[in-house]
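Heads up, the thing below is written out as structure tokens.
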Amino acid sequence: MSGPLAFVLRRVLVTLPVLLAMSVLVFLIIHLVPGDPVRTMLGFRATDATVAEMRHQLGLDRPLLDQYVSWLSGVLRGDLGTDLVSHASLSELLAQRLPVTFELAGLSMLLAVLVGVPLGVRAATGGRWTRRLTEGFVVLGVSVPDFWLGIMLVILFAGLLAWLPPSGHVAFSDDPVGNLRYMALPVLTLATGEAAYILRTTRSAVESVLGRPFVTFLRAKGLSPRRIVQGHALRNAGPAIVTVIGIQVGVLLGGAIVIEQLFGLPGVGKLIVTGITQRNYPVVQAGVLAIATAFILVSLLTDLIVGWLDPRVADAAS
Amino acid sequence: MTALLSVSDVAIRFAGPARPAVDGVSLDLRAGEMFGLVGESGSGKSTLANAVLGLLPASATVTGSIRLEGRELLGLPEEELRAIRGDAAAMIFQDASASLDPTWPVGDQIAETIRAHRPVSRREAERRALELMAEVGIPDPARRFRDAPHRFSGGMRQRIVIAAALANDPRLLIADEPTTALDVTIQAQVLQLIDRLRREHGTTVLLITHDLGVVAQACDRVGVMRGGRLLEVVATADLFAKPSHPYTRALLAANPATAPRGSRLPVIPPEWSVEALDG
């Protein structure tokens, strides 16, 4: 079978075992804790009876495969288990937390792409001063740690200028403007570094495409430099740029933990951190499962977009 | 006969080396002829060809005069040169696989040349591109229109490049080693195609090659270049029958296709080395 549909199907099928393997790893988190996880959870003063009861409550007294199968079938039905501390449903908890993390990662990446790609193209085609300025931005953006940048932005915009709230969150559905006001600083913090990454990738990818022989033929056909860059160079540079964006979305999903902490955003990152400090393993498991699944799905989407941009990739895969 | 392309006293220098890449070349192309420019690599033939359409890098300085249908091309602003490229004068290059954008459907790459110069609708350009694909001998063009270049063989890709170059029916086609990257049988087919299109459309062709067999097959007249200079211009028949310039004679003698079988090929005499030309 060949053609675009076959490529999509193949990619989706390849993703399924990856998801399965990931679920095994996430399931094992609870068993990979050094020593006895239940004793670690309950503390050293817990009696044997309490430990045995907890073990039974978590199903840890059953055979491993048994536990995995019932956990996975629960996950597939949307039942992620219960929070050991609050006894709340983890599925409901994630349903509240995931949108915050997705909004933070999505808006940050959107801003980073809107800034990074056009500036990267400028850097690849512009004069000496454009190069120097963009190079300066890249060096700063990549090397400044985001927690430090976040603190500086809070001091400037929330402290000195008092334009934006320093931390907190309201749901978008409750108050769209308020939601965006709370999101502005964390998004700006994360987008700065990401924009620098994307700028650098775009610049080097577009530069290398512009050096290729087909660009000479495009010039010989009488095309304008603008048309050559926008119609051809950017499309050929696309796979490299999209791949980096895909990886960085994954980094944002999992790595925004510090920024969620800093800005008091009730996202999945904060949930996982709290879960770890409370030794609330089911919460950690559910949070990691959600983030890892999102990351794998973003990778799948990245592959599909790359295949669409470069027909050779889709053909080589089938 | 009037000259379609008139090159007079052209010298081309690059920023680094002291010796010019092209040195005082004058040459007239008659309308409708196929003119072969032969020479070894480094003789300046490709540099001269690129200079005609202003495709040399910014580090090159071109002096002299290059006229297309009487119009001076040297010193034209980039925008006016762009209007000429792909319209009145087109150029194709050695490696067709590398000349096409790997991410674009081939049909669109042909239609693009038309749209760059003619105010036609997308559909009209696509219709014309389909005709061109048929004209250059792509089988089943309607089905292949949306295919990416990697789905074609090298010879078919060169045909598509030719279609894209000739889309606006240029007066002049510069073909820089158009068949070098191809198999011998495919080479002959592509040459025949260029020759047929030239006859049907009255296009003047400047064919750059280091292959004397290609010249013998296709060209009306030949210019021999060496070390940036044009040594002689002769009718193709005369080139092989009575080469006048000693370098041309040495070059012909060194051709394995015409040398007696089993004999040792002669070396180009040292007085025609680049160093000797400098002195």
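By order in the structure tokens, chains are A, B, ...; within a chain, residues start at 1; ligands start at 1, following the order shown.
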
What lies within 8 Å of Pro311 (chain A) using only C-alpha atoms, ignoring chain neighbours under 2 positions off, as a ChimeraX atom specification?
/A:307-309,313-315 /B:102-103,148

Using only C-alpha atoms, select each residue of chain A with any atom at most 9 Å away from an atom of chain B, and give the selection as a compact mmCIF listing (two decimals) with C-alpha atoms, in the first residue's frame.
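File produced: out-v3.txt:
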```txt
# COMPACT_ATOMS: atom_id res chain seq x y z
CA ARG A 212 21.44 24.37 -2.79
CA PRO A 213 21.58 24.16 -6.62
CA PHE A 214 17.81 24.24 -7.15
CA VAL A 215 17.80 27.78 -5.80
CA THR A 216 20.05 28.80 -8.72
CA PHE A 217 17.53 27.30 -11.12
CA LEU A 218 14.71 29.19 -9.36
CA ARG A 219 16.70 32.39 -9.92
CA ALA A 220 17.24 31.41 -13.55
CA LYS A 221 13.44 31.04 -13.89
CA GLY A 222 13.17 34.69 -12.91
CA LEU A 223 11.61 34.30 -9.45
CA SER A 224 11.95 37.09 -6.91
CA HIS A 232 10.67 27.16 -1.59
CA ARG A 235 9.08 24.69 2.79
CA ASN A 236 12.38 22.83 2.44
CA LEU A 309 6.00 18.93 3.81
CA ASP A 310 8.54 16.58 2.25
CA PRO A 311 7.01 13.92 -0.03
CA ARG A 312 10.28 11.96 0.03
```

Looking only at the backbone, which of the residues in region 52-152 of chain B does DSSP tag as alpha helix (DSSP H), as a VMD selection string?
chain B and resid 52 78 to 84 96 to 99 106 to 117 122 to 135 141 to 144

As number ranges by chain, which residues of region 20-229 of chain B does DSSP assign to strand (DSSP E or B)?
B: 22-30, 34-38, 60-68, 71-72, 85, 89-92, 172-176, 204-209, 221-226, 229

Just the selected residues (N, CA and C atoms), exported as a tab-separated table (two decimals), in the first residue's frame, please.
```tsv
chain	number	residue	atom	x	y	z
B	22	VAL	N	37.45	34.84	-16.98
B	22	VAL	CA	37.17	35.00	-18.41
B	22	VAL	C	37.91	36.25	-18.85
B	23	ASP	N	38.57	36.18	-20.01
B	23	ASP	CA	39.52	37.23	-20.36
B	23	ASP	C	39.32	37.67	-21.81
B	24	GLY	N	38.64	38.77	-21.99
B	24	GLY	CA	38.51	39.36	-23.32
B	24	GLY	C	37.80	38.48	-24.34
B	25	VAL	N	36.65	37.90	-23.98
B	25	VAL	CA	35.94	37.02	-24.91
B	25	VAL	C	34.92	37.82	-25.73
B	26	SER	N	34.95	37.63	-27.04
B	26	SER	CA	33.94	38.22	-27.92
B	26	SER	C	33.33	37.11	-28.75
B	27	LEU	N	32.02	37.18	-28.94
B	27	LEU	CA	31.35	36.06	-29.59
B	27	LEU	C	29.92	36.46	-29.94
B	28	ASP	N	29.50	36.12	-31.17
B	28	ASP	CA	28.12	36.43	-31.57
B	28	ASP	C	27.35	35.13	-31.81
B	29	LEU	N	26.13	35.05	-31.24
B	29	LEU	CA	25.28	33.90	-31.51
B	29	LEU	C	24.22	34.31	-32.53
B	30	ARG	N	24.12	33.56	-33.65
B	30	ARG	CA	23.11	33.88	-34.67
B	30	ARG	C	21.76	33.35	-34.23
B	34	MET	N	22.50	26.48	-32.86
B	34	MET	CA	22.97	25.83	-31.65
B	34	MET	C	24.48	26.00	-31.62
B	35	PHE	N	24.93	26.76	-30.65
B	35	PHE	CA	26.34	27.09	-30.56
B	35	PHE	C	26.97	26.31	-29.40
B	36	GLY	N	28.03	25.57	-29.68
B	36	GLY	CA	28.69	24.81	-28.63
B	36	GLY	C	29.88	25.57	-28.08
B	37	LEU	N	29.97	25.62	-26.77
B	37	LEU	CA	31.13	26.24	-26.15
B	37	LEU	C	31.85	25.11	-25.43
B	38	VAL	N	33.03	24.73	-25.94
B	38	VAL	CA	33.74	23.61	-25.33
B	38	VAL	C	34.98	24.09	-24.62
B	60	ALA	N	31.96	38.61	-8.12
B	60	ALA	CA	32.46	38.64	-9.50
B	60	ALA	C	32.28	40.03	-10.11
B	61	THR	N	33.29	40.50	-10.85
B	61	THR	CA	33.17	41.76	-11.57
B	61	THR	C	33.19	41.44	-13.06
B	62	VAL	N	32.18	41.90	-13.77
B	62	VAL	CA	32.10	41.62	-15.20
B	62	VAL	C	32.29	42.94	-15.95
B	63	THR	N	33.21	42.95	-16.92
B	63	THR	CA	33.37	44.14	-17.76
B	63	THR	C	33.17	43.75	-19.22
B	64	GLY	N	32.99	44.75	-20.08
B	64	GLY	CA	32.73	44.49	-21.50
B	64	GLY	C	31.27	44.72	-21.79
B	65	SER	N	30.73	43.93	-22.73
B	65	SER	CA	29.34	44.15	-23.10
B	65	SER	C	28.68	42.82	-23.45
B	66	ILE	N	27.47	42.60	-22.93
B	66	ILE	CA	26.67	41.42	-23.30
B	66	ILE	C	25.31	41.93	-23.75
B	67	ARG	N	25.00	41.74	-25.04
B	67	ARG	CA	23.73	42.25	-25.54
B	67	ARG	C	22.83	41.11	-25.97
B	68	LEU	N	21.58	41.17	-25.54
B	68	LEU	CA	20.58	40.20	-25.98
B	68	LEU	C	19.60	40.95	-26.87
B	71	ARG	N	19.95	44.57	-26.66
B	71	ARG	CA	19.80	45.24	-25.36
B	71	ARG	C	20.96	44.87	-24.43
B	72	GLU	N	21.61	45.91	-23.89
B	72	GLU	CA	22.76	45.65	-23.02
B	72	GLU	C	22.29	45.03	-21.69
B	85	ARG	N	15.20	36.76	-17.17
B	85	ARG	CA	15.45	35.35	-16.83
B	85	ARG	C	14.15	34.56	-16.85
B	89	ALA	N	15.27	34.85	-21.91
B	89	ALA	CA	16.44	33.97	-21.89
B	89	ALA	C	16.32	33.01	-20.71
B	90	ALA	N	16.56	31.74	-20.97
B	90	ALA	CA	16.44	30.74	-19.91
B	90	ALA	C	17.75	29.98	-19.78
B	91	MET	N	17.90	29.30	-18.66
B	91	MET	CA	19.13	28.55	-18.46
B	91	MET	C	18.83	27.24	-17.74
B	92	ILE	N	19.49	26.17	-18.18
B	92	ILE	CA	19.39	24.90	-17.46
B	92	ILE	C	20.78	24.45	-17.07
B	172	LEU	N	16.48	32.72	-26.13
B	172	LEU	CA	17.80	32.12	-25.89
B	172	LEU	C	17.71	31.08	-24.78
B	173	LEU	N	18.31	29.91	-25.04
B	173	LEU	CA	18.44	28.91	-23.97
B	173	LEU	C	19.92	28.65	-23.76
B	174	ILE	N	20.37	28.85	-22.53
B	174	ILE	CA	21.74	28.50	-22.19
B	174	ILE	C	21.69	27.17	-21.47
B	175	ALA	N	22.38	26.17	-22.03
B	175	ALA	CA	22.37	24.84	-21.43
B	175	ALA	C	23.77	24.52	-20.95
B	176	ASP	N	23.94	24.53	-19.62
B	176	ASP	CA	25.27	24.32	-19.04
B	176	ASP	C	25.45	22.84	-18.72
B	204	THR	N	17.47	30.04	-29.91
B	204	THR	CA	18.92	29.97	-30.05
B	204	THR	C	19.47	29.27	-28.81
B	205	VAL	N	20.39	28.32	-29.01
B	205	VAL	CA	20.90	27.57	-27.87
B	205	VAL	C	22.40	27.77	-27.74
B	206	LEU	N	22.80	28.11	-26.52
B	206	LEU	CA	24.23	28.12	-26.19
B	206	LEU	C	24.49	26.88	-25.34
B	207	LEU	N	25.17	25.91	-25.95
B	207	LEU	CA	25.37	24.63	-25.28
B	207	LEU	C	26.79	24.57	-24.73
B	208	ILE	N	26.89	24.45	-23.44
B	208	ILE	CA	28.22	24.39	-22.82
B	208	ILE	C	28.54	22.96	-22.49
B	209	THR	N	29.69	22.50	-22.91
B	209	THR	CA	30.01	21.09	-22.70
B	209	THR	C	31.52	20.89	-22.74
B	221	ARG	N	27.92	25.62	-34.75
B	221	ARG	CA	29.27	26.19	-34.63
B	221	ARG	C	29.80	25.92	-33.24
B	222	VAL	N	31.11	26.02	-33.13
B	222	VAL	CA	31.75	25.72	-31.85
B	222	VAL	C	32.74	26.80	-31.50
B	223	GLY	N	32.77	27.16	-30.22
B	223	GLY	CA	33.84	28.00	-29.71
B	223	GLY	C	34.68	27.18	-28.75
B	224	VAL	N	36.00	27.31	-28.86
B	224	VAL	CA	36.88	26.55	-27.98
B	224	VAL	C	37.47	27.49	-26.94
B	225	MET	N	37.27	27.18	-25.68
B	225	MET	CA	37.80	28.04	-24.61
B	225	MET	C	38.91	27.34	-23.86
B	226	ARG	N	39.86	28.16	-23.42
B	226	ARG	CA	41.00	27.62	-22.68
B	226	ARG	C	41.52	28.73	-21.79
B	229	ARG	N	40.12	32.22	-22.16
B	229	ARG	CA	40.11	32.88	-23.47
B	229	ARG	C	39.39	32.02	-24.50
```

Find, counting only C-alpha atoms, the residue in B:Gly39, B:Gly107, B:Gly155, B:Gly228 that gets nearest to Thr248 (chain B).
B:Gly39

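Here CA of Leu234 (chain A) stands at a distance of 16.4 Å from CA of Thr302 (chain A).
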
As a short mmCIF file (atom, residue, chain, number, x, y, z; two decimals) with C-alpha atoms, in the first residue's frame, please: the residues near Ala162 (chain A) (cut-off 12 Å, only C-alpha atoms, same-chain neighbours under 6 positions excluded).
```cif
data_model
loop_
_atom_site.label_atom_id
_atom_site.label_comp_id
_atom_site.auth_asym_id
_atom_site.auth_seq_id
_atom_site.Cartn_x
_atom_site.Cartn_y
_atom_site.Cartn_z
CA LEU A 153 9.66 39.80 34.51
CA VAL A 154 7.64 39.61 37.73
CA ILE A 155 9.78 42.35 39.29
CA LEU A 156 9.38 44.54 36.21
CA ARG A 181 -3.50 38.44 32.22
#
```

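When only C-alpha atoms are used to compute distances to Leu297 (chain A), the closest of the residues A:Val229, A:Asp66, A:Val38, A:Leu19 turns out to be A:Leu19.
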
Rounded to one decimal in Å, what is the spacing between CA of Ala205 (chain A) and CA of Ala237 (chain A)?
5.0 Å
